[in-house]
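J.: Handing you a structure now.
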Amino acid sequence: MGTAVLIVDDDPDIRESLTDMLSHEGYLVHGAVSGSDALRQAKQMRYGAALLDIQLPDLNGLSVLKVLMELDAALPVIILTGNATPENTIGSLAKGAFAYLTKPYNSQELKAVLRRAISVKGLAVRAEHVEQALHASEERFRALVESATDAIVLTDQSGLIIWWNGAAERMFGHTKEDALGRPLTIVMPERFRAAHTADITRLAQGGTTTTIGRTIEMVGLTSTGDEFPSELSLASWRASEGMFFSGIIRNITRRKRAEESVVRLSHQNALILDSAGEGIFGLDPQGCATFVNTTAARMLGWSAAELIGRPLAPLLYRLRDANAAGSSDPFCLTSSLHDGAIHRIQNETFARKDGSLFPVQYVTSPIREQDRPVGAVVVFQDISARKQQESLQQAQLSVSHILAHVGTVEEAIPQLLQVVGNMGP
């Protein structure tokens, strides 16, 4: 089943056209004819995105936006309005809208914005699931370690077992009666026995070894011939009868599996980040990059290795006017850490490594650990194409306005040339 999308518009023609278009794209489309109808549906079902008209018959669209964000803070809401006033555009973005589009809408642009919105939410959901899985894995591992009973084995200077506890019986499968008096090599594979015997002989003769006083990994061997990874903490002491050795042995099979699971989850998380079409980078509380995905590095003209560990604001804002709004709180990092909310910036400018500038929109989400802010993740898109489209639309409006207020085309030529000149490349 496709991603669920909520369309809130009292115009039945617009609802029908959007439903047909998005259904063909594989979305599960629900329609709402009013603000109260939209809120009722949003309380009953979680949506991947919402298209919201500002002018509704019962409620103000911005009020509906506010409640939708309260119901699901991660829900990307795209404003679709025919009345592009500052309050409807800038005001909606300030209140948490993901983006805004004007009517009549461009179908390709709408589908592209919707895909980005659902991708951002999907990434946030997947990241949350990965974080939960890692946390659960960590908790299981801690419980395992705290509740584990280790095998304790004592040997004499000849390497013969003189004491063998119940945990050793369960771990290696040899009863105490069977193990006492036998060499410790019965718990290790054949390939390790010669080196162990040489170590024991060297120590008994007054030599040294690097294994004493350290925790080392080894391979254990059960009575049935099965091998398993283990940890050995080895100590020695001298008595009148000679030298003795004690070993505390722990089966780390489950821990190895947990570590491999964490590595796999980390690898999957890295694949998710690198496969995203948006630029994504993480920031610590000081604004230094903690990770940079492949798309972000390519868009910025740097390699990920060049950016990780460095403050990003001086690099991405270095050509900005010092008084520019973005420079007072680069990437909204301070605000995100302070209020713990998601911040969306619709119009910003980043600098590439070569000094060239490009327009972006970005979303900054705080990263919390044990209810404490530890950084933020920034997801950004290059909106050059959107800016060009907006410029073209503005030029078209200007041309229409000029032609509507002149008597002949010849009278309009100077003004038309000015409009073309203002468009730039």
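Each chain in the structure tokens gets a letter, A, B and so on, in the order shown; residues start at 1 in every chain, and ligands are counted from 1 in the order they appear.
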If you count only C-alpha atoms, which residues fall within 10 Å of Ile249 in chain A, apart from same-chain ones fewer than 4 positions away, as a count of residues only?
T.: 18
J.: I want to know what sits within 12 Å of Ser335 in chain A, based on only C-alpha atoms, with residues of the same chain fewer than 4 positions away left out; could you give that as a list in words?
T.: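 Returned residues: Pro285, Gly326, Ser328, Asp329, Pro330, Phe331, Asp339, Gly340, Ala341, Ile342, His343, Arg344, Thr364, Ser365, Pro366, Pro373, Gly375 and Ala376 of chain A.
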J.: Put those residues in a file: C-alpha atoms, as a tab-separated table (two decimals), in the first residue's frame.
T.:
chain	number	residue	atom	x	y	z
A	285	PRO	CA	26.58	21.55	19.74
A	326	GLY	CA	21.24	33.31	8.62
A	328	SER	CA	23.21	35.03	13.52
A	329	ASP	CA	22.16	31.39	14.02
A	330	PRO	CA	23.70	29.26	11.26
A	331	PHE	CA	21.55	26.26	10.35
A	339	ASP	CA	13.71	24.56	22.02
A	340	GLY	CA	14.09	20.98	20.82
A	341	ALA	CA	11.89	21.71	17.80
A	342	ILE	CA	12.29	21.10	14.07
A	343	HIS	CA	13.20	24.28	12.18
A	344	ARG	CA	12.49	24.73	8.47
A	364	THR	CA	17.16	21.19	11.10
A	365	SER	CA	16.12	18.49	13.60
A	366	PRO	CA	17.63	18.18	17.09
A	373	PRO	CA	20.41	17.75	23.17
A	375	GLY	CA	23.54	17.96	18.23
A	376	ALA	CA	21.36	18.30	15.17
J.: Go through A:Pro76, A:Gly225, A:Gly61, A:Gly301 one by one, measure the shortest atom-to-atom distance of each to Ala49 in chain A using only C-alpha atoms, and give the residue with the smallest value.
T.: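 The shortest atom-to-atom distance to Ala49 in chain A comes from A:Pro76.
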J.: List every residue of range 13-94 of chain A that DSSP, applied to the backbone of this structure, places in strand (DSSP E), and write the result as a list in words.
T.: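 Restricting range 13-94 of chain A to strand (DSSP E) produces Leu28, Val29, His30, Gly31, Ala32, Ala49, Ala50, Leu51, Leu52, Val77, Ile78, Ile79, Leu80 and Thr81 of chain A.
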J.: For those residues, write N, CA and C atoms to a file as an mmCIF file, in the first residue's frame.
T.:
data_model
loop_
_atom_site.group_PDB
_atom_site.id
_atom_site.type_symbol
_atom_site.label_atom_id
_atom_site.label_comp_id
_atom_site.auth_asym_id
_atom_site.auth_seq_id
_atom_site.Cartn_x
_atom_site.Cartn_y
_atom_site.Cartn_z
ATOM 1 N N LEU A 28 -1.843 6.751 -1.504
ATOM 2 C CA LEU A 28 -3.174 6.498 -0.987
ATOM 3 C C LEU A 28 -3.743 7.850 -0.571
ATOM 4 N N VAL A 29 -4.684 8.385 -1.336
ATOM 5 C CA VAL A 29 -5.134 9.768 -1.173
ATOM 6 C C VAL A 29 -6.448 9.827 -0.402
ATOM 7 N N HIS A 30 -6.475 10.686 0.629
ATOM 8 C CA HIS A 30 -7.698 10.978 1.376
ATOM 9 C C HIS A 30 -8.009 12.463 1.197
ATOM 10 N N GLY A 31 -9.286 12.797 1.015
ATOM 11 C CA GLY A 31 -9.680 14.185 0.826
ATOM 12 C C GLY A 31 -10.468 14.716 2.010
ATOM 13 N N ALA A 32 -10.296 15.999 2.301
ATOM 14 C CA ALA A 32 -11.050 16.674 3.359
ATOM 15 C C ALA A 32 -11.596 17.973 2.783
ATOM 16 N N ALA A 49 2.156 12.862 4.357
ATOM 17 C CA ALA A 49 2.234 14.279 3.995
ATOM 18 C C ALA A 49 0.813 14.809 3.863
ATOM 19 N N ALA A 50 0.693 16.146 3.844
ATOM 20 C CA ALA A 50 -0.616 16.771 3.678
ATOM 21 C C ALA A 50 -0.484 17.972 2.753
ATOM 22 N N LEU A 51 -1.493 18.147 1.867
ATOM 23 C CA LEU A 51 -1.601 19.328 1.006
ATOM 24 C C LEU A 51 -2.749 20.170 1.569
ATOM 25 N N LEU A 52 -2.453 21.401 1.975
ATOM 26 C CA LEU A 52 -3.414 22.200 2.727
ATOM 27 C C LEU A 52 -3.690 23.532 2.038
ATOM 28 N N VAL A 77 3.734 19.405 5.869
ATOM 29 C CA VAL A 77 2.521 20.019 5.346
ATOM 30 C C VAL A 77 2.899 20.994 4.234
ATOM 31 N N ILE A 78 2.356 20.776 3.042
ATOM 32 C CA ILE A 78 2.628 21.627 1.883
ATOM 33 C C ILE A 78 1.424 22.552 1.678
ATOM 34 N N ILE A 79 1.680 23.858 1.784
ATOM 35 C CA ILE A 79 0.608 24.830 1.599
ATOM 36 C C ILE A 79 0.337 25.010 0.103
ATOM 37 N N LEU A 80 -0.927 24.904 -0.274
ATOM 38 C CA LEU A 80 -1.352 25.076 -1.669
ATOM 39 C C LEU A 80 -2.400 26.182 -1.676
ATOM 40 N N THR A 81 -2.005 27.389 -2.113
ATOM 41 C CA THR A 81 -2.891 28.534 -1.992
ATOM 42 C C THR A 81 -2.924 29.354 -3.269
#
J.: Show me, as a list of chain:residue names, the residues that have an atom within 10 Å of range 63-73 of chain A when counting only C-alpha atoms, minus same-chain residues fewer than 5 positions from it.
T.: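 Counting only C-alpha atoms, the residues come to A:Val8, A:Ser34, A:Gly35, A:Ser36, A:Ala38, A:Leu39, A:Ala42, A:Lys43, A:Arg46, A:Tyr47, A:Ala50, A:Leu52, A:Asp53, A:Ile54, A:Leu56, A:Ile78, A:Ile79, A:Ser92, A:Lys95, A:Gly96, A:Ala97, A:Ala341, A:Ile342.
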J.: Take the residues that were just selected and, keeping C-alpha atoms, output them as a PDB file, in the first residue's frame.
T.:
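Here's the written file again.pdb:
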ATOM      1  CA  VAL A   8      -7.472  19.576   2.391  1.00  0.00           C
ATOM      2  CA  SER A  34     -12.938  21.563   5.532  1.00  0.00           C
ATOM      3  CA  GLY A  35     -10.511  22.212   8.337  1.00  0.00           C
ATOM      4  CA  SER A  36     -12.563  20.312  10.913  1.00  0.00           C
ATOM      5  CA  ALA A  38      -9.068  17.370   8.045  1.00  0.00           C
ATOM      6  CA  LEU A  39      -8.379  17.415  11.792  1.00  0.00           C
ATOM      7  CA  ALA A  42      -5.616  13.347  11.074  1.00  0.00           C
ATOM      8  CA  LYS A  43      -6.596  12.159  14.572  1.00  0.00           C
ATOM      9  CA  ARG A  46      -1.133   8.988  10.416  1.00  0.00           C
ATOM     10  CA  TYR A  47      -0.269  10.513   7.035  1.00  0.00           C
ATOM     11  CA  ALA A  50      -0.616  16.771   3.678  1.00  0.00           C
ATOM     12  CA  LEU A  52      -3.414  22.200   2.727  1.00  0.00           C
ATOM     13  CA  ASP A  53      -5.401  25.090   1.247  1.00  0.00           C
ATOM     14  CA  ILE A  54      -5.312  28.294   3.321  1.00  0.00           C
ATOM     15  CA  LEU A  56     -11.228  26.968   4.020  1.00  0.00           C
ATOM     16  CA  ILE A  78       2.628  21.627   1.883  1.00  0.00           C
ATOM     17  CA  ILE A  79       0.608  24.830   1.599  1.00  0.00           C
ATOM     18  CA  SER A  92       2.895  29.359   6.996  1.00  0.00           C
ATOM     19  CA  LYS A  95       4.495  28.032  11.605  1.00  0.00           C
ATOM     20  CA  GLY A  96       6.136  24.825  10.396  1.00  0.00           C
ATOM     21  CA  ALA A  97       4.940  24.221   6.841  1.00  0.00           C
ATOM     22  CA  ALA A 341      11.890  21.710  17.799  1.00  0.00           C
ATOM     23  CA  ILE A 342      12.288  21.103  14.073  1.00  0.00           C
TER      24      ILE A 342
END
J.: By how many Å are CA of Phe172 in chain A and CA of Leu203 in chain A apart?
T.: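 For CA of Phe172 in chain A relative to CA of Leu203 in chain A, the distance reads 25.5 Å.
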J.: CA of Val379 in chain A and CA of Gly279 in chain A, how far apart in Å?
T.: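 Interatomic distance here is 5.6 Å.
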J.: Pick out each residue of range 252-367 of chain A that DSSP on the backbone tags as alpha helix (DSSP H); I need them as a compact mmCIF listing (two decimals) with C-alpha atoms, in the first residue's frame.
T.:
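Once written, result.txt looks like this:
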# COMPACT_ATOMS: atom_id res chain seq x y z
CA THR A 253 29.29 -15.55 21.45
CA ARG A 254 26.19 -13.44 22.07
CA ARG A 255 28.23 -10.27 22.46
CA LYS A 256 29.97 -10.92 19.14
CA ARG A 257 26.61 -11.38 17.49
CA ALA A 258 25.35 -8.16 19.09
CA GLU A 259 28.44 -6.29 17.89
CA GLU A 260 27.95 -7.66 14.39
CA SER A 261 24.29 -6.58 14.57
CA VAL A 262 25.32 -3.06 15.61
CA VAL A 263 27.84 -2.94 12.77
CA ARG A 264 25.15 -4.06 10.32
CA LEU A 265 22.70 -1.47 11.65
CA SER A 266 25.36 1.24 11.43
CA HIS A 267 26.16 0.15 7.87
CA GLN A 268 22.47 0.18 6.96
CA ASN A 269 22.12 3.64 8.48
CA ALA A 270 25.09 4.85 6.43
CA LEU A 271 23.54 3.37 3.28
CA ILE A 272 20.25 5.17 4.02
CA LEU A 273 22.06 8.48 4.43
CA ASP A 274 24.19 8.07 1.31
CA SER A 275 21.26 6.95 -0.85
CA THR A 294 27.59 11.65 -0.26
CA THR A 295 24.94 13.97 -1.70
CA ALA A 296 25.86 16.84 0.65
CA ALA A 297 29.57 16.49 -0.13
CA ARG A 298 28.87 16.51 -3.87
CA MET A 299 26.57 19.54 -3.68
CA LEU A 300 29.04 21.50 -1.56
CA ALA A 304 33.13 14.18 3.47
CA ALA A 305 36.56 13.67 5.07
CA GLU A 306 37.40 17.36 4.52
CA LEU A 307 34.25 18.48 6.36
CA ALA A 313 29.17 27.78 9.30
CA PRO A 314 32.41 29.56 8.22
CA LEU A 315 32.55 27.34 5.11
CA LEU A 316 28.92 27.51 3.99
CA ALA A 325 19.82 36.80 9.04
CA GLY A 326 21.24 33.31 8.62
CA SER A 327 24.64 34.21 10.07
CA SER A 328 23.21 35.03 13.52
CA LEU A 333 21.47 25.08 15.42
CA THR A 334 21.21 27.22 18.57
CA SER A 335 17.42 27.46 18.28
CA SER A 336 17.07 23.72 17.66
CA LEU A 337 19.20 22.84 20.70
CA HIS A 338 17.35 25.37 22.84
CA ASP A 339 13.71 24.56 22.02
J.: Tell me, as a PyMOL selection string, which residues lie within 6 Å of Phe244 in chain A, counting only C-alpha atoms; anything in the same chain fewer than 5 positions away does not count.
T.: chain A and resi 155-157+236-237
J.: Save out the residues we just selected, C-alpha atoms, as a PDB file, in the first residue's frame.
T.:
ATOM      1  CA  THR A 155      45.961 -24.556  37.228  1.00  0.00           C
ATOM      2  CA  ASP A 156      49.374 -25.394  38.642  1.00  0.00           C
ATOM      3  CA  GLN A 157      52.705 -24.510  37.029  1.00  0.00           C
ATOM      4  CA  SER A 236      49.431 -15.741  38.270  1.00  0.00           C
ATOM      5  CA  TRP A 237      50.989 -16.004  41.713  1.00  0.00           C
TER       6      TRP A 237
END
J.: List the neighbours of Glu177 in chain A out to 12 Å using only C-alpha atoms; skip same-chain residues closer than 5 positions along the sequence, and give me the result as a JSON list (two decimals) with N, CA and C atoms, in the first residue's frame.
T.:
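Just written: part.json:
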[["chain", "number", "residue", "atom", "x", "y", "z"],
["A", 161, "ILE", "N", 44.77, -28.66, 35.63],
["A", 161, "ILE", "CA", 43.63, -28.04, 36.30],
["A", 161, "ILE", "C", 43.52, -28.55, 37.73],
["A", 162, "ILE", "N", 43.45, -27.59, 38.69],
["A", 162, "ILE", "CA", 43.31, -27.97, 40.09],
["A", 162, "ILE", "C", 41.97, -27.49, 40.68],
["A", 163, "TRP", "N", 41.27, -26.64, 39.96],
["A", 163, "TRP", "CA", 39.93, -26.24, 40.42],
["A", 163, "TRP", "C", 39.10, -25.84, 39.21],
["A", 164, "TRP", "N", 37.79, -26.14, 39.27],
["A", 164, "TRP", "CA", 36.92, -26.01, 38.07],
["A", 164, "TRP", "C", 35.50, -25.77, 38.58],
["A", 165, "ASN", "N", 34.94, -24.55, 38.34],
["A", 165, "ASN", "CA", 33.63, -24.25, 38.93],
["A", 165, "ASN", "C", 32.47, -24.73, 38.07],
["A", 166, "GLY", "N", 31.26, -24.54, 38.61],
["A", 166, "GLY", "CA", 30.07, -25.01, 37.90],
["A", 166, "GLY", "C", 29.86, -24.31, 36.57],
["A", 169, "GLU", "N", 31.83, -26.01, 34.03],
["A", 169, "GLU", "CA", 31.18, -27.25, 33.60],
["A", 169, "GLU", "C", 30.15, -26.97, 32.50],
["A", 182, "ARG", "N", 43.60, -32.66, 34.57],
["A", 182, "ARG", "CA", 43.88, -32.67, 33.15],
["A", 182, "ARG", "C", 44.46, -31.32, 32.73]]
J.: Have a look at A:Val187, A:Ala198, A:Gly247, A:Glu241 and name the one nearest to Thr222 in chain A; count only C-alpha atoms.
T.: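 Closest residue, counting only C-alpha atoms: A:Val187.
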J.: Find the residues near Gly206 in chain A: any atom within 12 Å, counting only C-alpha atoms, skip ones fewer than 2 places away on the same chain, and give them as a PDB file with C-alpha atoms, in the first residue's frame.
T.:
ATOM      1  CA  GLN A 157      52.705 -24.510  37.029  1.00  0.00           C
ATOM      2  CA  ASP A 199      53.940 -19.719  27.646  1.00  0.00           C
ATOM      3  CA  ILE A 200      53.330 -21.806  30.771  1.00  0.00           C
ATOM      4  CA  THR A 201      56.866 -23.291  30.614  1.00  0.00           C
ATOM      5  CA  ARG A 202      58.463 -19.856  30.139  1.00  0.00           C
ATOM      6  CA  LEU A 203      56.590 -18.404  33.141  1.00  0.00           C
ATOM      7  CA  ALA A 204      57.441 -21.369  35.357  1.00  0.00           C
ATOM      8  CA  THR A 208      57.530 -13.111  31.152  1.00  0.00           C
ATOM      9  CA  THR A 209      54.472 -13.061  28.915  1.00  0.00           C
ATOM     10  CA  SER A 236      49.431 -15.741  38.270  1.00  0.00           C
ATOM     11  CA  TRP A 237      50.989 -16.004  41.713  1.00  0.00           C
ATOM     12  CA  ARG A 238      53.838 -17.855  43.416  1.00  0.00           C
ATOM     13  CA  GLY A 242      55.394 -23.290  42.951  1.00  0.00           C
ATOM     14  CA  MET A 243      53.537 -21.032  40.480  1.00  0.00           C
TER      15      MET A 243
END
